[in-house]
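Peer 1: I'm passing along run-v1.cif; it holds mmCIF, C-alpha atoms and all ligand atoms.
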```cif
data_data
loop_
_atom_site.label_atom_id
_atom_site.label_comp_id
_atom_site.auth_asym_id
_atom_site.auth_seq_id
_atom_site.Cartn_x
_atom_site.Cartn_y
_atom_site.Cartn_z
CA MET O 84 33.47 13.26 26.79
CA ARG O 85 30.10 14.95 26.56
CA ILE O 86 28.30 16.04 23.42
CA THR O 87 28.14 19.83 23.38
CA GLY O 88 26.32 20.25 20.08
CA VAL O 89 25.53 18.79 16.69
CA ASP O 90 25.70 20.43 13.25
CA ILE O 91 23.42 18.98 10.60
CA THR O 92 24.21 20.17 7.08
CA PRO O 93 22.14 19.08 4.08
CA VAL O 94 24.15 18.78 0.87
CA ALA O 95 23.42 17.98 -2.77
CA PHE O 96 25.78 16.33 -5.22
CA ALA O 97 25.41 15.76 -8.97
CA ASP O 98 23.85 12.41 -9.90
CA PRO O 99 23.41 10.94 -13.41
CA PRO O 100 20.01 9.93 -14.87
CA LEU O 101 19.97 6.39 -13.49
CA LEU O 102 16.75 4.49 -14.27
CA ASN O 103 14.96 2.25 -11.81
CA ALA O 104 11.58 0.70 -11.10
CA VAL O 105 10.07 3.98 -9.90
CA GLY O 106 11.50 6.48 -12.38
CA VAL O 107 14.88 8.15 -12.77
CA HIS O 108 17.40 9.76 -10.47
CA GLN O 109 17.07 13.54 -10.17
CA PRO O 110 20.06 15.70 -11.21
CA TYR O 111 21.19 15.90 -7.57
CA ALA O 112 21.22 13.35 -4.75
CA LEU O 113 20.73 14.64 -1.20
CA ARG O 114 22.64 13.72 1.96
CA ALA O 115 22.89 15.20 5.45
CA ILE O 116 26.27 15.52 7.14
CA VAL O 117 26.13 15.16 10.91
CA GLN O 118 29.01 16.64 12.94
CA VAL O 119 28.93 15.80 16.64
CA ARG O 120 30.99 18.17 18.80
CA THR O 121 32.28 17.33 22.30
CA ASP O 122 33.85 19.07 25.27
CA SER O 123 37.02 17.06 24.60
CA GLY O 124 37.69 18.93 21.37
CA TYR O 125 37.04 15.86 19.22
CA THR O 126 34.41 16.04 16.49
CA GLY O 127 32.81 12.99 14.87
CA LEU O 128 31.26 12.55 11.43
CA GLY O 129 28.09 10.81 10.27
CA GLU O 130 26.22 10.81 6.95
CA THR O 131 22.57 10.05 6.27
CA TYR O 132 19.52 10.88 4.12
CA ALA O 133 18.37 14.48 3.83
CA ASP O 134 14.70 14.40 2.90
CA ARG O 135 12.77 17.10 4.79
CA ALA O 136 11.01 14.89 7.34
CA HIS O 137 14.26 13.05 8.09
CA LEU O 138 16.08 16.36 8.64
CA GLU O 139 13.43 17.39 11.16
CA ARG O 140 13.82 14.11 13.01
CA LEU O 141 17.62 14.46 13.00
CA ARG O 142 17.22 17.85 14.68
CA LEU O 143 15.00 16.37 17.39
CA VAL O 144 17.53 13.67 18.13
CA ALA O 145 20.44 16.14 18.04
CA ASP O 146 18.78 17.99 20.92
CA ALA O 147 18.00 14.76 22.75
CA VAL O 148 21.60 13.48 22.72
CA THR O 149 23.30 16.77 23.57
CA GLY O 150 24.85 16.48 27.05
CA LEU O 151 25.32 12.71 26.86
CA ASP O 152 28.67 10.95 26.99
CA VAL O 153 29.95 9.70 23.59
CA PHE O 154 30.40 6.20 25.03
CA ALA O 155 26.80 6.07 26.32
CA LEU O 156 25.36 4.68 23.07
CA ASN O 157 22.61 2.76 24.87
CA ALA O 158 21.42 5.89 26.67
CA MET O 159 21.65 7.76 23.38
CA PHE O 160 19.47 5.19 21.61
CA THR O 161 16.88 5.43 24.40
CA ALA O 162 16.94 9.23 24.15
CA ALA O 163 16.48 9.02 20.37
CA ALA O 164 13.57 6.58 20.73
CA ARG O 165 11.91 8.86 23.28
CA ALA O 166 12.36 11.94 21.09
CA LEU O 167 10.79 10.14 18.13
CA ALA O 168 8.02 8.27 19.97
CA GLY O 169 4.98 7.74 17.76
CA GLN O 170 6.73 8.81 14.53
CA THR O 171 6.92 6.57 11.50
CA GLY O 172 8.90 7.67 8.47
CA SER O 173 7.62 7.01 4.99
CA ASP O 174 9.45 5.57 2.03
CA GLY O 175 8.42 8.35 -0.33
CA HIS O 176 10.52 7.14 -3.26
CA GLY O 177 9.28 3.55 -2.91
CA LEU O 178 12.65 1.78 -3.03
CA THR O 179 13.37 0.77 0.51
CA GLY O 180 10.28 -1.08 1.60
CA MET O 181 8.04 -0.64 4.59
CA ILE O 182 9.34 1.60 7.37
CA THR O 183 8.15 0.82 10.90
CA GLU O 184 8.22 2.98 14.03
CA SER O 185 11.26 1.18 15.38
CA GLY O 186 12.89 1.31 11.93
CA THR O 187 12.40 5.08 11.99
CA VAL O 188 14.38 5.34 15.24
CA ASP O 189 17.13 3.19 13.73
CA ARG O 190 17.33 5.40 10.63
CA VAL O 191 17.59 8.62 12.61
CA PHE O 192 19.91 7.29 15.32
CA SER O 193 22.44 5.81 12.86
CA PRO O 194 24.54 8.90 11.93
CA PHE O 195 24.83 9.93 15.59
CA GLU O 196 26.14 6.48 16.51
CA VAL O 197 28.64 6.54 13.63
CA ALA O 198 29.83 10.03 14.64
CA CYS O 199 30.27 8.90 18.27
CA LEU O 200 32.27 5.87 17.15
CA ASP O 201 34.43 8.24 15.10
CA ILE O 202 35.03 10.29 18.28
CA GLN O 203 35.65 7.19 20.44
CA GLY O 204 38.20 5.95 17.89
CA LYS O 205 39.96 9.31 17.72
CA ALA O 206 40.12 9.55 21.51
CA LEU O 207 41.48 6.00 21.87
CA GLY O 208 43.78 6.22 18.85
CA ARG O 209 42.08 3.20 17.25
CA PRO O 210 40.18 2.71 13.97
CA VAL O 211 36.40 2.19 14.19
CA SER O 212 36.79 -1.42 13.02
CA ASP O 213 38.63 -2.10 16.31
CA LEU O 214 35.61 -0.82 18.26
CA LEU O 215 33.47 -3.38 16.42
CA GLY O 216 35.58 -6.37 17.38
CA GLY O 217 38.48 -5.89 15.00
CA ALA O 218 38.91 -6.21 11.25
CA VAL O 219 38.84 -9.74 9.87
CA ARG O 220 39.86 -8.47 6.41
CA HIS O 221 42.23 -5.70 5.40
CA ALA O 222 40.23 -4.70 2.34
CA VAL O 223 36.50 -4.85 1.63
CA PRO O 224 35.33 -6.06 -1.80
CA PHE O 225 32.58 -4.13 -3.57
CA SER O 226 30.38 -4.96 -6.53
CA ALA O 227 30.00 -2.98 -9.76
CA TYR O 228 26.52 -1.42 -9.71
CA LEU O 229 25.13 -1.09 -13.24
CA PHE O 230 22.11 0.99 -14.17
CA TYR O 231 20.12 1.46 -17.32
CA LYS O 232 20.54 5.14 -18.06
CA TRP O 233 20.16 7.96 -20.52
CA ASP O 234 23.27 9.66 -21.87
CA GLY O 235 22.56 12.73 -19.74
CA HIS O 236 19.78 14.58 -17.97
CA PRO O 237 17.36 16.11 -20.50
CA GLY O 238 18.70 19.49 -21.59
CA SER O 239 22.23 18.77 -20.30
CA GLU O 240 25.44 17.56 -21.91
CA PRO O 241 25.98 13.77 -22.00
CA ASP O 242 27.86 12.49 -18.95
CA GLU O 243 31.07 10.43 -19.04
CA TRP O 244 29.12 7.13 -18.93
CA GLY O 245 26.85 7.67 -21.93
CA ALA O 246 23.58 5.83 -22.50
CA ALA O 247 22.91 2.20 -21.51
CA LEU O 248 19.50 1.10 -22.71
CA ASP O 249 20.11 -2.40 -24.10
CA PRO O 250 22.37 -5.42 -23.46
CA ASP O 251 25.28 -3.93 -25.45
CA GLY O 252 25.05 -0.68 -23.51
CA ILE O 253 24.99 -2.56 -20.20
CA VAL O 254 28.01 -4.69 -21.15
CA ALA O 255 29.92 -1.56 -22.23
CA GLN O 256 29.06 0.13 -18.91
CA ALA O 257 30.20 -2.98 -17.02
CA ARG O 258 33.52 -2.98 -18.91
CA LYS O 259 34.17 0.65 -18.11
CA MET O 260 33.31 0.16 -14.43
CA VAL O 261 35.29 -3.06 -14.05
CA ASP O 262 38.29 -1.57 -15.90
CA GLY O 263 38.19 1.55 -13.74
CA TYR O 264 37.67 -0.08 -10.35
CA GLY O 265 38.56 -3.76 -10.69
CA PHE O 266 35.22 -4.99 -9.33
CA THR O 267 34.90 -8.76 -9.10
CA ALA O 268 31.07 -8.96 -8.81
CA ILE O 269 28.41 -7.20 -10.89
CA LYS O 270 24.88 -6.08 -10.00
CA LEU O 271 22.36 -4.83 -12.54
CA LYS O 272 19.56 -2.57 -11.33
CA GLY O 273 16.51 -3.84 -13.18
CA GLY O 274 12.77 -3.21 -13.04
CA VAL O 275 13.13 -0.73 -15.91
CA PHE O 276 12.37 -2.77 -19.04
CA ALA O 277 10.24 -5.89 -19.61
CA PRO O 278 11.76 -8.86 -17.72
CA ASP O 279 12.76 -10.69 -20.96
CA LEU O 280 14.95 -7.76 -21.97
CA GLU O 281 16.62 -7.67 -18.57
CA VAL O 282 17.22 -11.45 -18.74
CA GLU O 283 18.92 -10.84 -22.10
CA ALA O 284 21.13 -8.16 -20.53
CA VAL O 285 22.17 -10.52 -17.72
CA ARG O 286 22.95 -13.25 -20.25
CA ALA O 287 25.07 -10.77 -22.22
CA LEU O 288 26.94 -9.95 -18.99
CA ARG O 289 27.48 -13.66 -18.36
CA GLU O 290 28.97 -14.06 -21.84
CA ALA O 291 31.23 -11.03 -21.42
CA PHE O 292 32.24 -11.91 -17.82
CA PRO O 293 32.11 -15.72 -17.65
CA GLU O 294 33.50 -16.01 -14.10
CA THR O 295 32.05 -12.96 -12.36
CA PRO O 296 29.21 -13.38 -9.81
CA LEU O 297 26.11 -11.58 -11.15
CA ARG O 298 23.03 -10.15 -9.42
CA LEU O 299 19.80 -8.62 -10.70
CA ASP O 300 17.61 -6.27 -8.62
CA PRO O 301 14.26 -5.12 -10.09
CA ASN O 302 13.13 -3.48 -6.80
CA ALA O 303 9.95 -5.57 -6.52
CA ALA O 304 8.73 -4.75 -10.04
CA TRP O 305 7.49 -8.27 -10.75
CA THR O 306 4.63 -10.48 -9.61
CA PRO O 307 5.60 -13.76 -7.93
CA GLN O 308 4.72 -15.62 -11.18
CA THR O 309 6.97 -13.38 -13.30
CA SER O 310 9.73 -13.65 -10.69
CA ILE O 311 9.60 -17.46 -10.79
CA LYS O 312 9.87 -17.42 -14.61
CA VAL O 313 12.87 -15.08 -14.50
CA ALA O 314 14.49 -17.13 -11.73
CA HIS O 315 14.27 -20.28 -13.88
CA ALA O 316 15.51 -18.39 -16.96
CA LEU O 317 18.60 -17.31 -15.00
CA ASP O 318 19.25 -20.64 -13.27
CA GLY O 319 23.01 -21.04 -12.91
CA VAL O 320 23.64 -17.43 -13.94
CA LEU O 321 22.86 -15.35 -10.83
CA GLU O 322 24.53 -15.63 -7.43
CA TYR O 323 21.33 -14.10 -6.01
CA LEU O 324 18.14 -12.50 -7.22
CA GLU O 325 17.37 -9.34 -5.25
CA ASP O 326 13.82 -8.25 -4.37
CA PRO O 327 12.05 -9.64 -7.42
CA THR O 328 8.61 -9.15 -5.85
CA PRO O 329 7.04 -7.12 -3.02
CA ASP O 330 6.63 -8.21 0.61
CA ILE O 331 7.50 -11.26 2.69
CA PRO O 332 4.66 -13.59 1.53
CA GLY O 333 5.44 -12.82 -2.14
CA MET O 334 9.17 -13.38 -1.64
CA ALA O 335 8.43 -16.65 0.21
CA GLU O 336 6.31 -17.86 -2.72
CA VAL O 337 9.19 -17.13 -5.13
CA ALA O 338 11.83 -18.55 -2.78
CA ARG O 339 10.04 -21.95 -2.76
CA GLU O 340 10.59 -22.26 -6.54
CA ALA O 341 13.68 -20.20 -7.34
CA PRO O 342 16.88 -22.15 -7.93
CA MET O 343 19.05 -19.34 -6.52
CA PRO O 344 18.88 -17.50 -3.15
CA LEU O 345 16.67 -14.43 -2.92
CA ALA O 346 18.22 -11.33 -1.38
CA THR O 347 16.47 -8.27 0.02
CA ASN O 348 16.82 -4.68 1.06
CA MET O 349 13.08 -4.11 0.73
CA CYS O 350 11.05 -6.72 2.62
CA VAL O 351 13.44 -7.00 5.58
CA VAL O 352 14.50 -3.48 6.47
CA SER O 353 14.11 -3.43 10.23
CA PHE O 354 14.32 -5.80 13.18
CA ASP O 355 10.51 -6.16 13.17
CA HIS O 356 10.69 -7.92 9.79
CA LEU O 357 13.17 -10.61 10.78
CA LYS O 358 10.86 -13.01 12.60
CA PRO O 359 8.18 -13.13 9.87
CA ALA O 360 10.85 -13.45 7.17
CA VAL O 361 12.55 -16.33 8.99
CA LEU O 362 9.25 -18.11 9.70
CA ALA O 363 8.24 -17.83 6.03
CA ASP O 364 11.72 -18.75 4.76
CA ALA O 365 11.38 -15.75 2.46
CA VAL O 366 14.99 -14.68 1.97
CA GLY O 367 18.40 -16.30 1.70
CA VAL O 368 20.48 -13.13 1.92
CA VAL O 369 19.83 -9.87 3.80
CA LEU O 370 21.43 -6.73 2.44
CA SER O 371 22.39 -4.85 5.57
CA ASP O 372 22.67 -1.08 5.52
CA HIS O 373 23.87 0.75 8.60
CA HIS O 374 21.90 3.85 7.53
CA TYR O 375 18.68 2.05 8.29
CA TRP O 376 19.71 -0.72 10.68
CA GLY O 377 20.56 1.73 13.46
CA GLY O 378 24.29 2.20 12.93
CA LEU O 379 27.29 -0.08 13.12
CA HIS O 380 26.69 -1.92 16.41
CA ARG O 381 23.07 -2.70 15.50
CA SER O 382 24.21 -3.85 12.04
CA LYS O 383 26.47 -6.30 13.85
CA LEU O 384 23.43 -7.46 15.81
CA LEU O 385 21.72 -8.08 12.46
CA SER O 386 24.75 -10.05 11.28
CA GLY O 387 24.45 -12.31 14.34
CA ILE O 388 20.76 -12.91 13.68
CA CYS O 389 21.47 -13.76 10.03
CA ASP O 390 24.20 -16.13 11.14
CA THR O 391 21.90 -17.81 13.67
CA PHE O 392 19.14 -18.38 11.14
CA GLY O 393 21.38 -19.45 8.26
CA MET O 394 20.84 -16.34 6.15
CA GLY O 395 23.67 -14.83 4.12
CA LEU O 396 24.68 -11.21 4.50
CA SER O 397 25.50 -8.63 1.84
CA MET O 398 25.43 -4.82 1.95
CA HIS O 399 23.07 -2.34 0.29
CA SER O 400 23.87 1.16 -0.95
CA ASN O 401 22.08 4.29 -2.07
CA SER O 402 23.81 7.33 -3.56
CA HIS O 403 26.36 8.28 -0.88
CA LEU O 404 29.53 10.20 -0.11
CA GLY O 405 32.83 9.38 1.56
CA ILE O 406 31.77 9.43 5.22
CA SER O 407 29.25 6.69 4.47
CA LEU O 408 31.79 4.69 2.49
CA ALA O 409 34.26 4.85 5.39
CA ALA O 410 31.58 3.61 7.83
CA MET O 411 30.57 0.83 5.41
CA VAL O 412 34.18 -0.30 5.07
CA HIS O 413 34.82 -0.43 8.84
CA LEU O 414 31.57 -2.32 9.40
CA ALA O 415 32.17 -4.81 6.60
CA ALA O 416 35.77 -5.34 7.74
CA ALA O 417 34.55 -6.25 11.24
CA THR O 418 31.66 -8.52 10.17
CA PRO O 419 33.01 -12.02 9.57
CA ASN O 420 29.85 -13.42 7.91
CA LEU O 421 29.57 -10.57 5.40
CA THR O 422 30.85 -12.78 2.62
CA TYR O 423 29.37 -11.11 -0.48
CA ALA O 424 30.92 -8.12 -2.26
CA CYS O 425 29.07 -5.02 -0.99
CA ASP O 426 26.99 -2.65 -3.13
CA THR O 427 28.15 0.91 -3.68
CA HIS O 428 26.95 3.79 -5.86
CA TRP O 429 30.44 5.31 -5.57
CA PRO O 430 31.40 5.27 -9.28
CA TRP O 431 28.35 7.37 -10.18
CA LYS O 432 29.35 10.49 -8.31
CA THR O 433 31.77 13.20 -9.37
CA GLU O 434 31.89 15.22 -6.14
CA ASP O 435 32.71 14.52 -2.50
CA LEU O 436 33.43 16.23 0.78
CA VAL O 437 36.09 14.07 2.39
CA GLU O 438 39.76 14.74 1.77
CA PRO O 439 40.83 12.52 -1.14
CA GLY O 440 43.33 9.69 -0.87
CA VAL O 441 42.08 7.53 2.00
CA LEU O 442 39.30 5.66 0.22
CA SER O 443 40.36 4.21 -3.09
CA PHE O 444 39.46 1.09 -5.03
CA VAL O 445 42.15 -1.45 -5.85
CA ASP O 446 41.00 -4.68 -7.52
CA GLY O 447 37.42 -3.79 -6.56
CA SER O 448 38.22 -3.45 -2.86
CA VAL O 449 38.74 -0.55 -0.46
CA ALA O 450 41.54 -0.90 2.11
CA VAL O 451 40.27 -0.55 5.68
CA PRO O 452 41.57 2.73 7.15
CA THR O 453 43.92 2.10 10.06
CA THR O 454 44.09 5.64 11.42
CA PRO O 455 41.97 6.65 14.44
CA GLY O 456 38.18 6.84 14.08
CA LEU O 457 36.62 6.54 10.62
CA GLY O 458 39.92 7.70 9.14
CA VAL O 459 38.39 10.38 6.90
CA GLU O 460 38.66 14.16 7.24
CA LEU O 461 35.94 16.58 6.23
CA ASP O 462 36.90 19.08 3.51
CA THR O 463 35.04 22.10 4.91
CA ASP O 464 35.24 24.06 1.63
CA ALA O 465 33.62 21.14 -0.19
CA LEU O 466 30.96 20.90 2.55
CA ALA O 467 30.13 24.60 2.06
CA ARG O 468 30.03 24.18 -1.73
CA LEU O 469 27.73 21.14 -1.64
CA HIS O 470 25.51 22.88 0.91
CA GLU O 471 25.24 25.90 -1.44
CA GLN O 472 24.35 23.44 -4.20
CA TYR O 473 21.61 22.02 -1.94
CA LEU O 474 20.19 25.50 -1.37
CA ARG O 475 20.29 26.29 -5.10
CA CYS O 476 19.07 23.00 -6.60
CA GLY O 477 15.57 23.22 -5.12
CA ILE O 478 15.30 19.46 -4.49
CA ARG O 479 14.09 18.81 -0.94
CA ASP O 480 12.92 15.17 -1.17
CA ARG O 481 14.07 12.30 -3.34
CA ASP O 482 11.31 11.65 -5.87
CA ASP O 483 12.39 9.66 -8.91
CA THR O 484 8.78 9.25 -10.06
CA ALA O 485 7.91 12.96 -10.07
CA TYR O 486 11.13 13.75 -11.94
CA MET O 487 10.34 11.07 -14.54
CA GLN O 488 6.85 12.53 -14.94
CA THR O 489 8.34 15.93 -15.84
CA ILE O 490 9.94 14.14 -18.80
CA ASP O 491 7.21 11.59 -19.59
CA PRO O 492 3.86 12.79 -18.19
CA THR O 493 2.27 9.37 -18.91
CA TYR O 494 4.71 7.58 -16.55
CA GLU O 495 3.05 5.84 -13.59
CA ARG O 496 4.57 4.14 -10.56
CA ARG O 497 3.32 0.55 -10.37
CA LYS O 498 4.48 -2.20 -8.02
CA PRO O 499 4.49 -4.87 -9.38
CA ARG O 500 4.63 -3.66 -12.99
CA TRP O 501 5.14 -6.98 -14.79
O1 LIG B 601 19.37 4.37 -6.43
C1 LIG B 601 18.55 3.59 -6.90
O2 LIG B 601 17.90 3.81 -7.90
C2 LIG B 601 18.43 2.26 -6.21
O3 LIG B 601 17.32 1.57 -6.69
C3 LIG B 601 18.36 2.42 -4.73
O4 LIG B 601 17.51 3.45 -4.37
C4 LIG B 601 17.96 1.17 -4.03
O5 LIG B 601 17.63 1.44 -2.70
C5 LIG B 601 19.03 0.18 -3.94
O6 LIG B 601 20.16 0.45 -4.60
C6 LIG B 601 18.63 -1.26 -4.01
O7 LIG B 601 19.50 -2.08 -4.00
O8 LIG B 601 17.43 -1.56 -4.00
MG MG B 602 18.02 -3.70 -3.76
#
```
Any chance you could put this one into structure tokens?
Peer 2:
Amino acid sequence: MRITGVDITPVAFADPPLLNAVGVHQPYALRAIVQVRTDSGYTGLGETYADRAHLERLRLVADAVTGLDVFALNAMFTAAARALAGQTGSDGHGLTGMITESGTVDRVFSPFEVACLDIQGKALGRPVSDLLGGAVRHAVPFSAYLFYKWDGHPGSEPDEWGAALDPDGIVAQARKMVDGYGFTAIKLKGGVFAPDLEVEAVRALREAFPETPLRLDPNAAWTPQTSIKVAHALDGVLEYLEDPTPDIPGMAEVAREAPMPLATNMCVVSFDHLKPAVLADAVGVVLSDHHYWGGLHRSKLLSGICDTFGMGLSMHSNSHLGISLAAMVHLAAATPNLTYACDTHWPWKTEDLVEPGVLSFVDGSVAVPTTPGLGVELDTDALARLHEQYLRCGIRDRDDTAYMQTIDPTYERRKPRW
């Protein structure tokens, strides 16, 4: 089954004004849909980022893998690495930590690997989770993902979520999300207001949800000293504290004092970071993300390394659509040591391009699809519509800081800020 061609389609979907440590989400989030075609008639789906430089790299790798067999994932990875030799992506929006040369290959290779697994599964009549060793759970639990936010983008109507700018607003948002989806863990995206105010919001969540595991993620907005203070203030309240401070040495300094585990999707984002992080004992939990750990097989490699070195495993999410959710669910289902509820931005979107019905949340979990491949079908009309939206919206790179500066020209990106 040889790859005969690859279609890469950038799309844009509406995104609310979610606040974070570097600014605010733009009115549209970007994704690229990767469709791998084969001489067998099967087509596979992948989903990834769509910033300009990433799109160019995807095109290079699309050419490099054309002609290869869909089971030859090792040869495909080598071809991708060769096509991208010497290139290092940059984390323009500042939320995913340092990208290395090998991490760049992993990021670009990932959607091709997912699409080939989709094809392999379709050809064999087996779900992708079976290709990863088999599901160890029938449904994958996710966490509610709360954001401070405005009631709408400036100049637009308020969205269905309304504003959340204080502890009451955050608790109300949590109620709506938990009522709608049944989530059994809650994460608050912090780094927006002074740490004391965010501690108050977490305490309000604890009061409103006495039994629910809670997490706080300020995306490295704090110094190690501030992080240690917050960690003590939330002793017994958080199941983990995510990326309080930048970089491995800073995280290690906080980890020595913090009463709870530190988690990361910023200081350990590629295989190069694992050895220094382990040696420094900097993190207790790694948030895996197949979009930047090189796909599903390489994410399983990460899970083995975490297991070996006694680190926990959770899962990170950016704004994403249904193809990504399907891949996340198959991976999480087939990763025994992924024991935390996974992150997802799913509730924040109002548009998608997979046929509805397969991926739905019951009691905070998504049932693992059992049909061949990823189990999701592309709605080609929706793909065309979201591509049109991409062409019209004018956004070509994610830049939460620049968008914030159009609203508040005095806003500056600072890491750490407090
Ligand atoms: O979407 C956001 O604003 C998040 O901050 C996201 O970009 C992060 O990568 C992510 O969710 C995280 O856990 O750090
Ligand atoms: Mg994070």
Peer 1: Please provide as a ChimeraX atom specification all residues within 10 Å of O:Glu281, with the sequence filter that same-chain residues fewer than 2 positions apart are discarded (counting only C-alpha atoms).
Peer 2: /O:231,249-250,253,271-279,283-287,299,301,313
Peer 1: Skip O:Ala417 itself and residues of its chain fewer than 5 positions away, then list as a list of chain:residue names all residues within 8 Å of it, counting all atoms listed in the file.
Peer 2: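 Here the qualifying residues turn out to be O:Ser212, O:Asp213, O:Leu215, O:Gly216, O:Gly217, O:Ala218, O:Val219, O:Arg220.
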Peer 1: Find the residue from O:Asp480, O:Asp355, O:Asp201, O:Asp318 that sits nearest to O:His413; use all atoms listed in the file when measuring.
Peer 2: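 Under the stated criterion, the closest residue is O:Asp201.
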Peer 1: Counting only C-alpha atoms and all ligand atoms, which residues in chain O sit no more than 6 Å from ligand LIG 601 (chain B)? For each one, give the nearest pair of atoms and the distance in Å, sorted by chain then residue number, as a Markdown table.
Peer 2:
```
| residue | atom | partner | partner_atom | distance |
| --- | --- | --- | --- | --- |
| O:Asn103 | CA | B:LIG601 | O2 | 5.1 |
| O:Leu178 | CA | B:LIG601 | O5 | 5.0 |
| O:Thr179 | CA | B:LIG601 | O5 | 5.4 |
| O:Asn302 | CA | B:LIG601 | O8 | 5.5 |
| O:Asn348 | CA | B:LIG601 | O8 | 6.0 |
| O:His399 | CA | B:LIG601 | O7 | 5.6 |
| O:Ser400 | CA | B:LIG601 | O6 | 5.3 |
| O:Asn401 | CA | B:LIG601 | C3 | 4.9 |
```
Peer 1: Quick one: write out the picked residues with C-alpha atoms as a short mmCIF file (atom, residue, chain, number, x, y, z; two decimals), in the coordinates of the input?
Peer 2:
```
data_model
loop_
_atom_site.label_atom_id
_atom_site.label_comp_id
_atom_site.auth_asym_id
_atom_site.auth_seq_id
_atom_site.Cartn_x
_atom_site.Cartn_y
_atom_site.Cartn_z
CA ASN O 103 14.96 2.25 -11.81
CA LEU O 178 12.65 1.78 -3.03
CA THR O 179 13.37 0.77 0.51
CA ASN O 302 13.13 -3.48 -6.80
CA ASN O 348 16.82 -4.68 1.06
CA HIS O 399 23.07 -2.34 0.29
CA SER O 400 23.87 1.16 -0.95
CA ASN O 401 22.08 4.29 -2.07
#
```
Peer 1: Counting all atoms listed in the file, what is within 8 Å of O:Trp233, bar same-chain residues fewer than 5 positions away, as a ChimeraX atom specification?
Peer 2: /O:100-102,245-248
Peer 1: Would you mind telling me which residue in O:Val369, O:Ala424, O:Leu442, O:Ala409 lies nearest to O:Pro296 when using all atoms listed in the file?
Peer 2: O:Ala424
Peer 1: Can you put N, CA and C atoms back into stretch 127-139 of chain O and show it as a PDB file, in the frame of the given file?
Peer 2:
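Result file is rebuild-v7.pdb:
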```pdb
ATOM      1  N   GLY O 127      33.033  14.245  15.617  1.00  0.00           N
ATOM      2  CA  GLY O 127      32.810  12.990  14.870  1.00  0.00           C
ATOM      3  C   GLY O 127      31.876  13.236  13.695  1.00  0.00           C
ATOM      4  N   LEU O 128      32.015  12.371  12.674  1.00  0.00           N
ATOM      5  CA  LEU O 128      31.260  12.550  11.430  1.00  0.00           C
ATOM      6  C   LEU O 128      30.266  11.414  11.198  1.00  0.00           C
ATOM      7  N   GLY O 129      29.078  11.794  10.716  1.00  0.00           N
ATOM      8  CA  GLY O 129      28.090  10.810  10.270  1.00  0.00           C
ATOM      9  C   GLY O 129      27.460  11.326   8.982  1.00  0.00           C
ATOM     10  N   GLU O 130      26.873  10.419   8.213  1.00  0.00           N
ATOM     11  CA  GLU O 130      26.220  10.810   6.950  1.00  0.00           C
ATOM     12  C   GLU O 130      24.918  10.034   6.818  1.00  0.00           C
ATOM     13  N   THR O 131      23.878  10.714   6.358  1.00  0.00           N
ATOM     14  CA  THR O 131      22.570  10.050   6.270  1.00  0.00           C
ATOM     15  C   THR O 131      21.730  10.709   5.167  1.00  0.00           C
ATOM     16  N   TYR O 132      20.462  10.313   5.082  1.00  0.00           N
ATOM     17  CA  TYR O 132      19.520  10.880   4.120  1.00  0.00           C
ATOM     18  C   TYR O 132      19.235  12.342   4.481  1.00  0.00           C
ATOM     19  N   ALA O 133      18.641  13.065   3.529  1.00  0.00           N
ATOM     20  CA  ALA O 133      18.370  14.480   3.830  1.00  0.00           C
ATOM     21  C   ALA O 133      16.982  14.925   3.381  1.00  0.00           C
ATOM     22  N   ASP O 134      16.064  13.973   3.211  1.00  0.00           N
ATOM     23  CA  ASP O 134      14.700  14.400   2.900  1.00  0.00           C
ATOM     24  C   ASP O 134      14.178  15.221   4.084  1.00  0.00           C
ATOM     25  N   ARG O 135      13.208  16.121   3.776  1.00  0.00           N
ATOM     26  CA  ARG O 135      12.770  17.100   4.790  1.00  0.00           C
ATOM     27  C   ARG O 135      12.374  16.487   6.137  1.00  0.00           C
ATOM     28  N   ALA O 136      11.511  15.453   6.075  1.00  0.00           N
ATOM     29  CA  ALA O 136      11.010  14.890   7.340  1.00  0.00           C
ATOM     30  C   ALA O 136      12.163  14.265   8.133  1.00  0.00           C
ATOM     31  N   HIS O 137      13.104  13.664   7.413  1.00  0.00           N
ATOM     32  CA  HIS O 137      14.260  13.050   8.090  1.00  0.00           C
ATOM     33  C   HIS O 137      15.109  14.137   8.751  1.00  0.00           C
ATOM     34  N   LEU O 138      15.299  15.255   8.054  1.00  0.00           N
ATOM     35  CA  LEU O 138      16.080  16.360   8.640  1.00  0.00           C
ATOM     36  C   LEU O 138      15.435  16.850   9.942  1.00  0.00           C
ATOM     37  N   GLU O 139      14.110  16.943   9.931  1.00  0.00           N
ATOM     38  CA  GLU O 139      13.430  17.390  11.160  1.00  0.00           C
ATOM     39  C   GLU O 139      13.670  16.409  12.300  1.00  0.00           C
TER      40      GLU O 139
END
```
